[in-house]
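Here is the file query_5.cif (mmCIF, C-alpha atoms).
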data_protein
#
loop_
_atom_site.label_atom_id
_atom_site.label_comp_id
_atom_site.auth_asym_id
_atom_site.auth_seq_id
_atom_site.Cartn_x
_atom_site.Cartn_y
_atom_site.Cartn_z
CA MET A 25 -41.52 -58.74 11.58
CA GLN A 26 -44.84 -58.86 9.68
CA GLU A 27 -45.07 -55.05 9.73
CA ARG A 28 -41.53 -54.80 8.36
CA ARG A 29 -42.37 -57.20 5.53
CA GLU A 30 -45.52 -55.23 4.65
CA GLU A 31 -43.43 -52.08 4.39
CA ALA A 32 -40.81 -53.88 2.30
CA VAL A 33 -43.35 -55.12 -0.24
CA SER A 34 -44.54 -51.55 -0.77
CA ALA A 35 -40.93 -50.47 -1.18
CA THR A 36 -40.52 -53.18 -3.82
CA ALA A 37 -43.47 -51.73 -5.72
CA ARG A 38 -41.90 -48.26 -5.58
CA TRP A 39 -38.49 -49.24 -6.91
CA THR A 40 -40.13 -51.23 -9.69
CA ALA A 41 -42.05 -48.08 -10.57
CA ALA A 42 -38.71 -46.25 -10.62
CA VAL A 43 -37.49 -48.69 -13.27
CA ARG A 44 -40.59 -47.99 -15.36
CA ALA A 45 -39.93 -44.28 -15.00
CA HIS A 46 -36.34 -44.79 -16.15
CA GLU A 47 -37.46 -46.76 -19.20
CA SER A 48 -40.11 -44.18 -20.04
CA GLY A 49 -37.42 -41.51 -20.31
CA LEU A 50 -35.37 -43.37 -22.91
CA PRO A 51 -35.57 -42.25 -26.56
CA ASP A 52 -36.42 -45.82 -27.62
CA ALA A 53 -38.65 -46.61 -24.63
CA LEU A 54 -40.49 -49.93 -24.80
CA PHE A 55 -43.48 -48.28 -23.10
CA THR A 56 -44.37 -44.94 -21.56
CA ASP A 57 -45.62 -44.69 -18.00
CA PRO A 58 -46.29 -41.01 -17.24
CA TYR A 59 -47.21 -41.80 -13.63
CA ALA A 60 -44.26 -43.99 -12.67
CA ALA A 61 -41.89 -41.29 -11.42
CA ASP A 62 -44.49 -39.83 -9.05
CA LEU A 63 -45.54 -43.25 -7.81
CA ALA A 64 -41.93 -44.26 -7.23
CA GLY A 65 -41.09 -41.13 -5.23
CA GLU A 66 -37.69 -40.48 -3.74
CA GLU A 67 -37.74 -43.84 -1.95
CA GLY A 68 -38.24 -45.73 -5.18
CA PHE A 69 -35.27 -44.11 -6.91
CA ARG A 70 -33.09 -44.55 -3.83
CA LEU A 71 -33.91 -48.25 -3.76
CA LEU A 72 -33.31 -48.55 -7.48
CA GLU A 73 -29.75 -47.41 -6.85
CA ARG A 74 -29.48 -50.06 -4.14
CA TYR A 75 -30.89 -52.94 -6.19
CA GLY A 76 -29.94 -51.84 -9.69
CA ASN A 77 -27.48 -54.60 -10.55
CA PRO A 78 -26.65 -55.19 -14.23
CA GLY A 79 -29.70 -56.56 -16.03
CA VAL A 80 -32.32 -55.45 -13.51
CA LYS A 81 -33.56 -52.42 -15.44
CA GLU A 82 -33.42 -54.29 -18.72
CA PHE A 83 -35.33 -57.28 -17.39
CA ILE A 84 -38.13 -55.25 -15.83
CA ALA A 85 -38.46 -53.25 -19.04
CA VAL A 86 -38.65 -56.44 -21.13
CA ARG A 87 -41.07 -58.07 -18.67
CA THR A 88 -43.33 -55.03 -18.68
CA ARG A 89 -43.44 -54.91 -22.48
CA TYR A 90 -44.00 -58.67 -22.77
CA LEU A 91 -46.97 -58.56 -20.40
CA ASP A 92 -48.25 -55.34 -22.01
CA GLU A 93 -48.51 -57.24 -25.28
CA VAL A 94 -50.29 -60.16 -23.63
CA ALA A 95 -52.73 -57.77 -21.94
CA ALA A 96 -53.41 -55.91 -25.19
CA GLU A 97 -54.90 -59.11 -26.63
CA ALA A 98 -57.17 -59.75 -23.65
CA SER A 99 -60.92 -59.57 -23.82
CA GLY A 100 -63.41 -59.93 -21.00
CA GLN A 101 -61.57 -59.84 -17.68
CA VAL A 102 -58.01 -59.28 -16.54
CA VAL A 103 -56.88 -59.98 -12.96
CA LEU A 104 -53.62 -58.43 -11.77
CA LEU A 105 -52.39 -60.49 -8.82
CA ALA A 106 -50.42 -58.26 -6.43
CA ALA A 107 -50.96 -55.33 -8.78
CA GLY A 108 -48.57 -53.08 -6.89
CA LEU A 109 -48.04 -49.70 -8.56
CA ASP A 110 -48.67 -51.00 -12.06
CA THR A 111 -50.56 -48.44 -14.17
CA ARG A 112 -51.59 -50.50 -17.20
CA THR A 113 -55.21 -49.48 -16.75
CA ALA A 114 -54.24 -45.86 -17.41
CA ARG A 115 -51.25 -46.10 -19.75
CA SER A 116 -52.11 -49.00 -22.08
CA PRO A 117 -54.70 -49.53 -24.83
CA TRP A 118 -57.46 -51.99 -24.02
CA ARG A 119 -60.07 -53.76 -26.05
CA SER A 120 -63.60 -52.51 -25.64
CA GLY A 121 -65.43 -53.85 -22.60
CA VAL A 122 -62.40 -55.17 -20.71
CA VAL A 123 -62.69 -55.10 -16.91
CA VAL A 124 -59.42 -55.10 -14.96
CA TYR A 125 -59.34 -56.28 -11.35
CA GLU A 126 -56.36 -55.19 -9.26
CA VAL A 127 -55.76 -57.46 -6.27
CA ASP A 128 -53.45 -56.19 -3.54
CA ARG A 129 -53.29 -55.20 0.10
CA PRO A 130 -55.88 -52.60 1.11
CA ALA A 131 -53.35 -50.00 2.30
CA LEU A 132 -51.37 -50.17 -0.93
CA LEU A 133 -54.44 -49.86 -3.15
CA GLU A 134 -55.78 -46.96 -1.11
CA ALA A 135 -52.50 -45.06 -1.36
CA LYS A 136 -52.22 -45.83 -5.08
CA ASP A 137 -55.76 -44.61 -5.76
CA LYS A 138 -55.07 -41.33 -4.02
CA GLU A 139 -51.82 -40.78 -5.92
CA LEU A 140 -53.35 -41.60 -9.29
CA ALA A 141 -56.34 -39.36 -8.63
CA GLY A 142 -53.99 -36.52 -7.70
CA LEU A 143 -52.13 -37.05 -10.98
CA GLY A 144 -55.36 -36.88 -12.96
CA ALA A 145 -55.01 -40.44 -14.28
CA ARG A 146 -57.71 -41.57 -16.68
CA HIS A 147 -58.24 -45.29 -17.13
CA GLY A 148 -58.77 -46.84 -20.54
CA CYS A 149 -60.84 -49.72 -19.19
CA GLU A 150 -63.18 -50.41 -16.32
CA ARG A 151 -60.89 -50.72 -13.29
CA ARG A 152 -61.98 -52.41 -10.07
CA THR A 153 -59.78 -52.67 -7.02
CA VAL A 154 -59.86 -55.81 -4.86
CA PRO A 155 -58.41 -55.09 -1.40
CA ALA A 156 -57.22 -58.51 -0.28
CA ASP A 157 -54.12 -60.35 0.84
CA LEU A 158 -53.14 -63.21 -1.46
CA THR A 159 -52.50 -65.36 1.62
CA GLY A 160 -56.16 -64.95 2.63
CA ASP A 161 -59.56 -65.50 1.01
CA TRP A 162 -58.89 -63.27 -1.97
CA PRO A 163 -61.16 -65.30 -4.33
CA SER A 164 -64.20 -64.25 -2.28
CA ALA A 165 -63.10 -60.61 -2.46
CA LEU A 166 -62.61 -60.97 -6.22
CA ARG A 167 -66.12 -62.36 -6.68
CA THR A 168 -67.54 -59.60 -4.50
CA ALA A 169 -65.89 -57.06 -6.80
CA GLY A 170 -67.82 -58.57 -9.71
CA TRP A 171 -65.44 -61.09 -11.25
CA ASP A 172 -67.37 -63.65 -13.29
CA PRO A 173 -65.85 -67.17 -13.28
CA GLY A 174 -67.77 -67.93 -16.47
CA ALA A 175 -66.22 -65.10 -18.50
CA PRO A 176 -62.78 -65.29 -20.18
CA THR A 177 -60.01 -64.24 -17.80
CA LEU A 178 -56.37 -63.32 -18.20
CA TRP A 179 -54.45 -63.64 -14.94
CA ILE A 180 -51.16 -61.75 -14.59
CA ALA A 181 -48.61 -62.63 -11.90
CA GLU A 182 -45.86 -60.06 -12.45
CA GLY A 183 -42.87 -59.87 -10.13
CA LEU A 184 -44.70 -61.95 -7.56
CA LEU A 185 -43.98 -65.66 -7.41
CA PHE A 186 -40.32 -65.49 -6.39
CA TYR A 187 -41.23 -63.49 -3.27
CA LEU A 188 -43.34 -66.41 -2.02
CA PRO A 189 -42.15 -69.65 -0.41
CA GLU A 190 -42.44 -72.51 -2.89
CA ARG A 191 -45.45 -74.02 -1.11
CA GLU A 192 -47.33 -70.70 -1.27
CA ALA A 193 -46.32 -70.08 -4.89
CA ARG A 194 -47.59 -73.51 -5.90
CA ALA A 195 -50.78 -73.07 -3.90
CA LEU A 196 -51.49 -69.70 -5.51
CA VAL A 197 -50.90 -70.85 -9.09
CA THR A 198 -52.97 -73.99 -8.42
CA LYS A 199 -55.80 -71.95 -6.90
CA VAL A 200 -55.86 -69.70 -9.97
CA ALA A 201 -56.13 -72.83 -12.13
CA GLU A 202 -59.03 -74.10 -10.02
CA LEU A 203 -60.83 -70.78 -10.44
CA SER A 204 -60.25 -70.70 -14.19
CA ALA A 205 -62.36 -71.98 -17.04
CA PRO A 206 -60.90 -73.87 -20.01
CA GLY A 207 -59.11 -71.38 -22.25
CA ASP A 208 -58.25 -68.89 -19.51
CA VAL A 209 -54.67 -67.62 -19.58
CA LEU A 210 -52.00 -67.07 -16.92
CA ALA A 211 -48.99 -64.90 -17.77
CA GLY A 212 -46.09 -63.78 -15.62
CA ASP A 213 -42.49 -64.45 -14.71
CA LEU A 214 -40.41 -66.90 -12.72
CA LEU A 215 -36.84 -67.04 -11.49
CA SER A 216 -34.58 -70.02 -11.95
CA HIS A 217 -33.34 -71.87 -8.90
CA GLN A 218 -29.83 -70.92 -10.02
CA SER A 219 -30.79 -67.29 -9.45
CA MET A 220 -31.20 -68.14 -5.78
CA ILE A 221 -27.72 -69.62 -5.38
CA SER A 222 -25.55 -68.07 -8.08
CA GLU A 223 -22.58 -65.91 -7.17
CA PHE A 224 -23.87 -63.41 -9.75
CA SER A 225 -27.01 -62.89 -7.64
CA ARG A 226 -25.37 -63.00 -4.22
CA GLU A 227 -24.99 -59.27 -3.56
CA GLY A 228 -28.46 -58.36 -4.75
CA LEU A 229 -29.98 -61.17 -2.71
CA ARG A 230 -28.11 -60.01 0.36
CA ARG A 231 -29.53 -56.49 0.03
CA LEU A 232 -33.06 -57.73 -0.57
CA THR A 233 -32.82 -60.01 2.46
CA GLU A 234 -31.48 -57.17 4.63
CA ASP A 235 -34.48 -55.08 3.60
CA GLY A 236 -36.96 -57.81 4.48
CA CYS A 237 -38.03 -58.84 0.96
CA PRO A 238 -35.86 -61.83 -0.02
CA TRP A 239 -36.37 -64.01 -3.03
CA LEU A 240 -37.80 -67.28 -1.74
CA PHE A 241 -38.57 -69.46 -4.74
CA GLY A 242 -37.04 -70.35 -8.07
CA THR A 243 -37.31 -73.26 -10.47
CA ASP A 244 -35.08 -74.43 -13.29
CA ARG A 245 -38.06 -76.30 -14.79
CA PRO A 246 -40.76 -73.67 -15.29
CA GLU A 247 -42.77 -75.80 -17.73
CA GLU A 248 -42.99 -78.61 -15.16
CA PHE A 249 -43.95 -76.17 -12.41
CA LEU A 250 -46.80 -74.74 -14.47
CA ALA A 251 -48.03 -78.18 -15.55
CA GLU A 252 -47.98 -79.49 -11.98
CA CYS A 253 -50.12 -76.52 -10.95
CA GLY A 254 -52.76 -77.20 -13.60
CA TRP A 255 -51.58 -75.11 -16.55
CA ARG A 256 -50.50 -75.95 -20.09
CA PRO A 257 -47.47 -73.84 -21.00
CA VAL A 258 -47.96 -72.00 -24.28
CA GLU A 259 -44.55 -70.38 -24.27
CA VAL A 260 -41.68 -69.95 -21.84
CA LYS A 261 -38.99 -67.50 -22.90
CA CYS A 262 -35.79 -66.14 -21.43
CA PRO A 263 -34.95 -62.46 -22.00
CA GLY A 264 -33.09 -62.05 -25.27
CA GLU A 265 -35.00 -64.77 -27.08
CA PRO A 266 -37.30 -63.78 -29.97
CA GLY A 267 -40.41 -62.18 -28.52
CA ALA A 268 -38.66 -61.42 -25.23
CA SER A 269 -35.96 -58.95 -26.20
CA PHE A 270 -37.55 -55.93 -27.93
CA GLY A 271 -34.04 -54.65 -28.63
CA ARG A 272 -33.48 -53.95 -24.95
CA TRP A 273 -31.78 -57.13 -23.68
CA PRO A 274 -28.02 -56.60 -24.15
CA TRP A 275 -26.80 -60.22 -23.91
CA GLU A 276 -27.18 -63.35 -25.99
CA PRO A 277 -29.42 -65.83 -24.18
CA LEU A 278 -27.66 -68.99 -23.13
CA PRO A 279 -29.15 -72.33 -24.18
CA ARG A 280 -31.30 -73.79 -21.44
CA GLU A 281 -29.06 -76.85 -21.17
CA VAL A 282 -26.14 -74.66 -20.06
CA GLU A 283 -26.31 -74.95 -16.28
CA GLY A 284 -24.99 -72.81 -13.46
CA PHE A 285 -26.26 -69.40 -14.59
CA PRO A 286 -29.16 -67.35 -13.18
CA ARG A 287 -32.14 -66.93 -15.50
CA ASN A 288 -35.49 -65.25 -15.65
CA PHE A 289 -38.45 -66.80 -17.42
CA LEU A 290 -41.42 -65.07 -19.03
CA PHE A 291 -44.38 -67.36 -19.57
CA THR A 292 -47.85 -67.63 -20.97
CA ALA A 293 -49.93 -70.68 -20.06
CA ARG A 294 -53.47 -71.81 -20.79
CA ARG A 295 -55.98 -73.67 -18.65
#

Starting from the file, give its structure as structure tokens.
Amino acid sequence: MQERREEAVSATARWTAAVRAHESGLPDALFTDPYAADLAGEEGFRLLERYGNPGVKEFIAVRTRYLDEVAAEASGQVVLLAAGLDTRTARSPWRSGVVVYEVDRPALLEAKDKELAGLGARHGCERRTVPADLTGDWPSALRTAGWDPGAPTLWIAEGLLFYLPEREARALVTKVAELSAPGDVLAGDLLSHQSMISEFSREGLRRLTEDGCPWLFGTDRPEEFLAECGWRPVEVKCPGEPGASFGRWPWEPLPREVEGFPRNFLFTARR
């Protein structure tokens, strides 16, 4: 079962790369990822067809752009938690001197490095890989890679927390807070609890569960979740709201007090 889950997480990274490839080909693309199509491969595009319910492509495009903009303001250190097949180090502008640490499973990082090298990718920052499982002693591996707890750090948890059981999601976000200095930033995304039970999500959830990578955690109170884990929310936005639309989100966002509908949240929080 563990082996199947490991394979499924890699598959998740590939179909997310397929979405980035799709967005990159649009005339009004929110970003351009020249490596995404190769990293996705045939499997990634096949899975995109399987999981591509209405709103999926749009949300991942908006999420990517939102976090691109957060990362563009970073100085010092950036830590990508479960970096997957993200290629920000090669496709995005960075401030001078930024060091980006990519934390993920050793096999995934090794395969990604080989693919990027074969594509001739050139990184716009100092990139350091951290082969570690987030359920293990990844902080030690991060320190070994050179991460300095005294230097400013931006942590990015993109497309990660809803794949973890709530206890593990809370433990991870709390651990990041414990590692952080005052002023450090955490940015990422969360699902609402309604996304876990809504009829609108049912078919997509069924397919994800069949493939061994179910959504496991959602919260309708993201600000409370972040605060309970040691973070001060700076902003929490739903796609379509100002600063979280970029002209890509096709629907009007519903007020938060309207219950019974699935939602995604994009957040930035400070230690």

Take the PyMOL selection byres ((chain A and resi 200-210) around 6), run it mentally on this structure, and tell me the resulting residues as a PDB file with C-alpha atoms, in the frame of the given file.
ATOM      1  CA  PRO A 176     -62.780 -65.290 -20.180  1.00  0.00           C
ATOM      2  CA  THR A 177     -60.010 -64.240 -17.800  1.00  0.00           C
ATOM      3  CA  LEU A 178     -56.370 -63.320 -18.200  1.00  0.00           C
ATOM      4  CA  TRP A 179     -54.450 -63.640 -14.940  1.00  0.00           C
ATOM      5  CA  ILE A 180     -51.160 -61.750 -14.590  1.00  0.00           C
ATOM      6  CA  VAL A 197     -50.900 -70.850  -9.090  1.00  0.00           C
ATOM      7  CA  THR A 198     -52.970 -73.990  -8.420  1.00  0.00           C
ATOM      8  CA  LYS A 199     -55.800 -71.950  -6.900  1.00  0.00           C
ATOM      9  CA  ALA A 211     -48.990 -64.900 -17.770  1.00  0.00           C
ATOM     10  CA  GLY A 254     -52.760 -77.200 -13.600  1.00  0.00           C
ATOM     11  CA  THR A 292     -47.850 -67.630 -20.970  1.00  0.00           C
ATOM     12  CA  ALA A 293     -49.930 -70.680 -20.060  1.00  0.00           C
ATOM     13  CA  ARG A 294     -53.470 -71.810 -20.790  1.00  0.00           C
ATOM     14  CA  ARG A 295     -55.980 -73.670 -18.650  1.00  0.00           C
TER      15      ARG A 295
END

Quiz prompt | Shell around Glu192 (chain A) at 12 Å using all atoms listed in the file, local window under 6 positions removed, as a PyMOL selection string | solution = chain A and resi 158-160+184-186+198-199+240-241+253

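Of the residues under consideration (A:Tyr90, A:Tyr125, A:Trp275, A:Phe285), A:Tyr90 shows the shortest atom-to-atom contact distance to Leu54 (chain A) when counting all atoms listed in the file.
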
Quiz item: Could you work out how far CA of Val86 (chain A) lies from CA of Glu73 (chain A), giving the answer in Å with one decimal?
Solution: 19.1 Å

Exercise. Select, counting all atoms listed in the file, all protein, DNA and RNA residues no farther than 10 Å from (-33.6, -46.0, -10.3) in file coordinates, and express the selection as a list of chain:residue names.
Key: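 Protein, DNA and RNA residues close to (-33.6, -46.0, -10.3): A:Arg38, A:Trp39, A:Thr40, A:Ala41, A:Ala42, A:Val43, A:Arg44, A:Ala45, A:His46, A:Glu47, A:Ala61, A:Ala64, A:Glu66, A:Glu67, A:Gly68, A:Phe69, A:Arg70, A:Leu71, A:Leu72, A:Glu73, A:Arg74, A:Tyr75, A:Gly76, A:Lys81.
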
Please produce an output containing C-alpha atoms for each residue in the selection, written as a compact mmCIF listing (two decimals), in the coordinates of the input.
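Wrote result_2.txt, looks like this:
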# COMPACT_ATOMS: atom_id res chain seq x y z
CA ARG A 38 -41.90 -48.26 -5.58
CA TRP A 39 -38.49 -49.24 -6.91
CA THR A 40 -40.13 -51.23 -9.69
CA ALA A 41 -42.05 -48.08 -10.57
CA ALA A 42 -38.71 -46.25 -10.62
CA VAL A 43 -37.49 -48.69 -13.27
CA ARG A 44 -40.59 -47.99 -15.36
CA ALA A 45 -39.93 -44.28 -15.00
CA HIS A 46 -36.34 -44.79 -16.15
CA GLU A 47 -37.46 -46.76 -19.20
CA ALA A 61 -41.89 -41.29 -11.42
CA ALA A 64 -41.93 -44.26 -7.23
CA GLU A 66 -37.69 -40.48 -3.74
CA GLU A 67 -37.74 -43.84 -1.95
CA GLY A 68 -38.24 -45.73 -5.18
CA PHE A 69 -35.27 -44.11 -6.91
CA ARG A 70 -33.09 -44.55 -3.83
CA LEU A 71 -33.91 -48.25 -3.76
CA LEU A 72 -33.31 -48.55 -7.48
CA GLU A 73 -29.75 -47.41 -6.85
CA ARG A 74 -29.48 -50.06 -4.14
CA TYR A 75 -30.89 -52.94 -6.19
CA GLY A 76 -29.94 -51.84 -9.69
CA LYS A 81 -33.56 -52.42 -15.44

Practice problem: For Phe83 (chain A), please output as a PyMOL selection string all residues within 12 Å (counting all atoms listed in the file; exclusion window: fewer than 6 positions along the same chain). | Solution: chain A and resi 40+43-44+47+54+76-77+89-90+182-183+213-215+262-264+268-275+287-290

Exercise. Mind giving me the straight-line distance from CA of Thr153 (chain A) to CA of Glu126 (chain A) in Å, one decimal?
Key: 4.8 Å

Quiz item: Which is closest to Ala114 (chain A) among A:Arg167, A:His217, A:Arg146, A:Arg280, if we use only C-alpha atoms?
Solution: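 With only C-alpha atoms as the atom set, the closest residue is A:Arg146.
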
With all atoms of region 255-271 of chain A from the file as input, state the centre and edge lengths in Å to one decimal of the axis-aligned box that has 4 Å extra on each side, as lines of an AutoDock Vina configuration file.
center_x = -42.3
center_y = -65.3
center_z = -23.3
size_x = 26.5
size_y = 29.3
size_z = 21.4

Quiz prompt | Separation of CA of Pro277 (chain A) from CA of Leu250 (chain A), in Å and rounded to one decimal | solution = 21.8 Å

Shell around Leu229 (chain A) at 10 Å using only C-alpha atoms, local window under 5 positions removed, as a PDB file with C-alpha atoms, in the coordinates of the input:
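Heads up, here's the output in out_24.pdb:
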ATOM      1  CA  TYR A  75     -30.890 -52.940  -6.190  1.00  0.00           C
ATOM      2  CA  SER A 219     -30.790 -67.290  -9.450  1.00  0.00           C
ATOM      3  CA  MET A 220     -31.200 -68.140  -5.780  1.00  0.00           C
ATOM      4  CA  ILE A 221     -27.720 -69.620  -5.380  1.00  0.00           C
ATOM      5  CA  SER A 222     -25.550 -68.070  -8.080  1.00  0.00           C
ATOM      6  CA  GLU A 223     -22.580 -65.910  -7.170  1.00  0.00           C
ATOM      7  CA  PHE A 224     -23.870 -63.410  -9.750  1.00  0.00           C
ATOM      8  CA  GLU A 234     -31.480 -57.170   4.630  1.00  0.00           C
ATOM      9  CA  ASP A 235     -34.480 -55.080   3.600  1.00  0.00           C
ATOM     10  CA  CYS A 237     -38.030 -58.840   0.960  1.00  0.00           C
ATOM     11  CA  PRO A 238     -35.860 -61.830  -0.020  1.00  0.00           C
ATOM     12  CA  TRP A 239     -36.370 -64.010  -3.030  1.00  0.00           C
ATOM     13  CA  LEU A 240     -37.800 -67.280  -1.740  1.00  0.00           C
TER      14      LEU A 240
END

Self-check item: Distance criterion (all atoms listed in the file): nearest to Leu188 (chain A) out of A:Ala106, A:Leu91, A:Ala145, A:Val258
Solution: A:Ala106

Exercise. May I ask which of the residues A:Glu150, A:Asp172, A:Glu283, A:Glu276 is the closest one to Thr113 (chain A), counting all atoms listed in the file?
Key: A:Glu150

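Using only C-alpha atoms for every distance, the candidate list A:Thr233, A:Ser99, A:Thr56, A:Ser164 yields A:Thr56 as the residue closest to Thr111 (chain A).
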
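Of the residues under consideration (A:Ala95, A:Ala53, A:Cys149, A:Leu132), A:Ala95 shows the shortest atom-to-atom contact distance to Gly212 (chain A) when counting only C-alpha atoms.
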
Which residues are near region 115-124 of chain A? Cut-off 8 Å, only C-alpha atoms, ignore same chain within fewer than 4 positions. Put them as a CSV table (one decimal) with C-alpha atoms, in the frame of the given file.
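The result, written out as part.csv:
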chain,number,residue,atom,x,y,z
A,56,THR,CA,-44.4,-44.9,-21.6
A,57,ASP,CA,-45.6,-44.7,-18.0
A,58,PRO,CA,-46.3,-41.0,-17.2
A,92,ASP,CA,-48.2,-55.3,-22.0
A,95,ALA,CA,-52.7,-57.8,-21.9
A,96,ALA,CA,-53.4,-55.9,-25.2
A,97,GLU,CA,-54.9,-59.1,-26.6
A,98,ALA,CA,-57.2,-59.8,-23.6
A,99,SER,CA,-60.9,-59.6,-23.8
A,100,GLY,CA,-63.4,-59.9,-21.0
A,101,GLN,CA,-61.6,-59.8,-17.7
A,102,VAL,CA,-58.0,-59.3,-16.5
A,103,VAL,CA,-56.9,-60.0,-13.0
A,104,LEU,CA,-53.6,-58.4,-11.8
A,111,THR,CA,-50.6,-48.4,-14.2
A,147,HIS,CA,-58.2,-45.3,-17.1
A,148,GLY,CA,-58.8,-46.8,-20.5
A,149,CYS,CA,-60.8,-49.7,-19.2
A,150,GLU,CA,-63.2,-50.4,-16.3
A,151,ARG,CA,-60.9,-50.7,-13.3
A,152,ARG,CA,-62.0,-52.4,-10.1
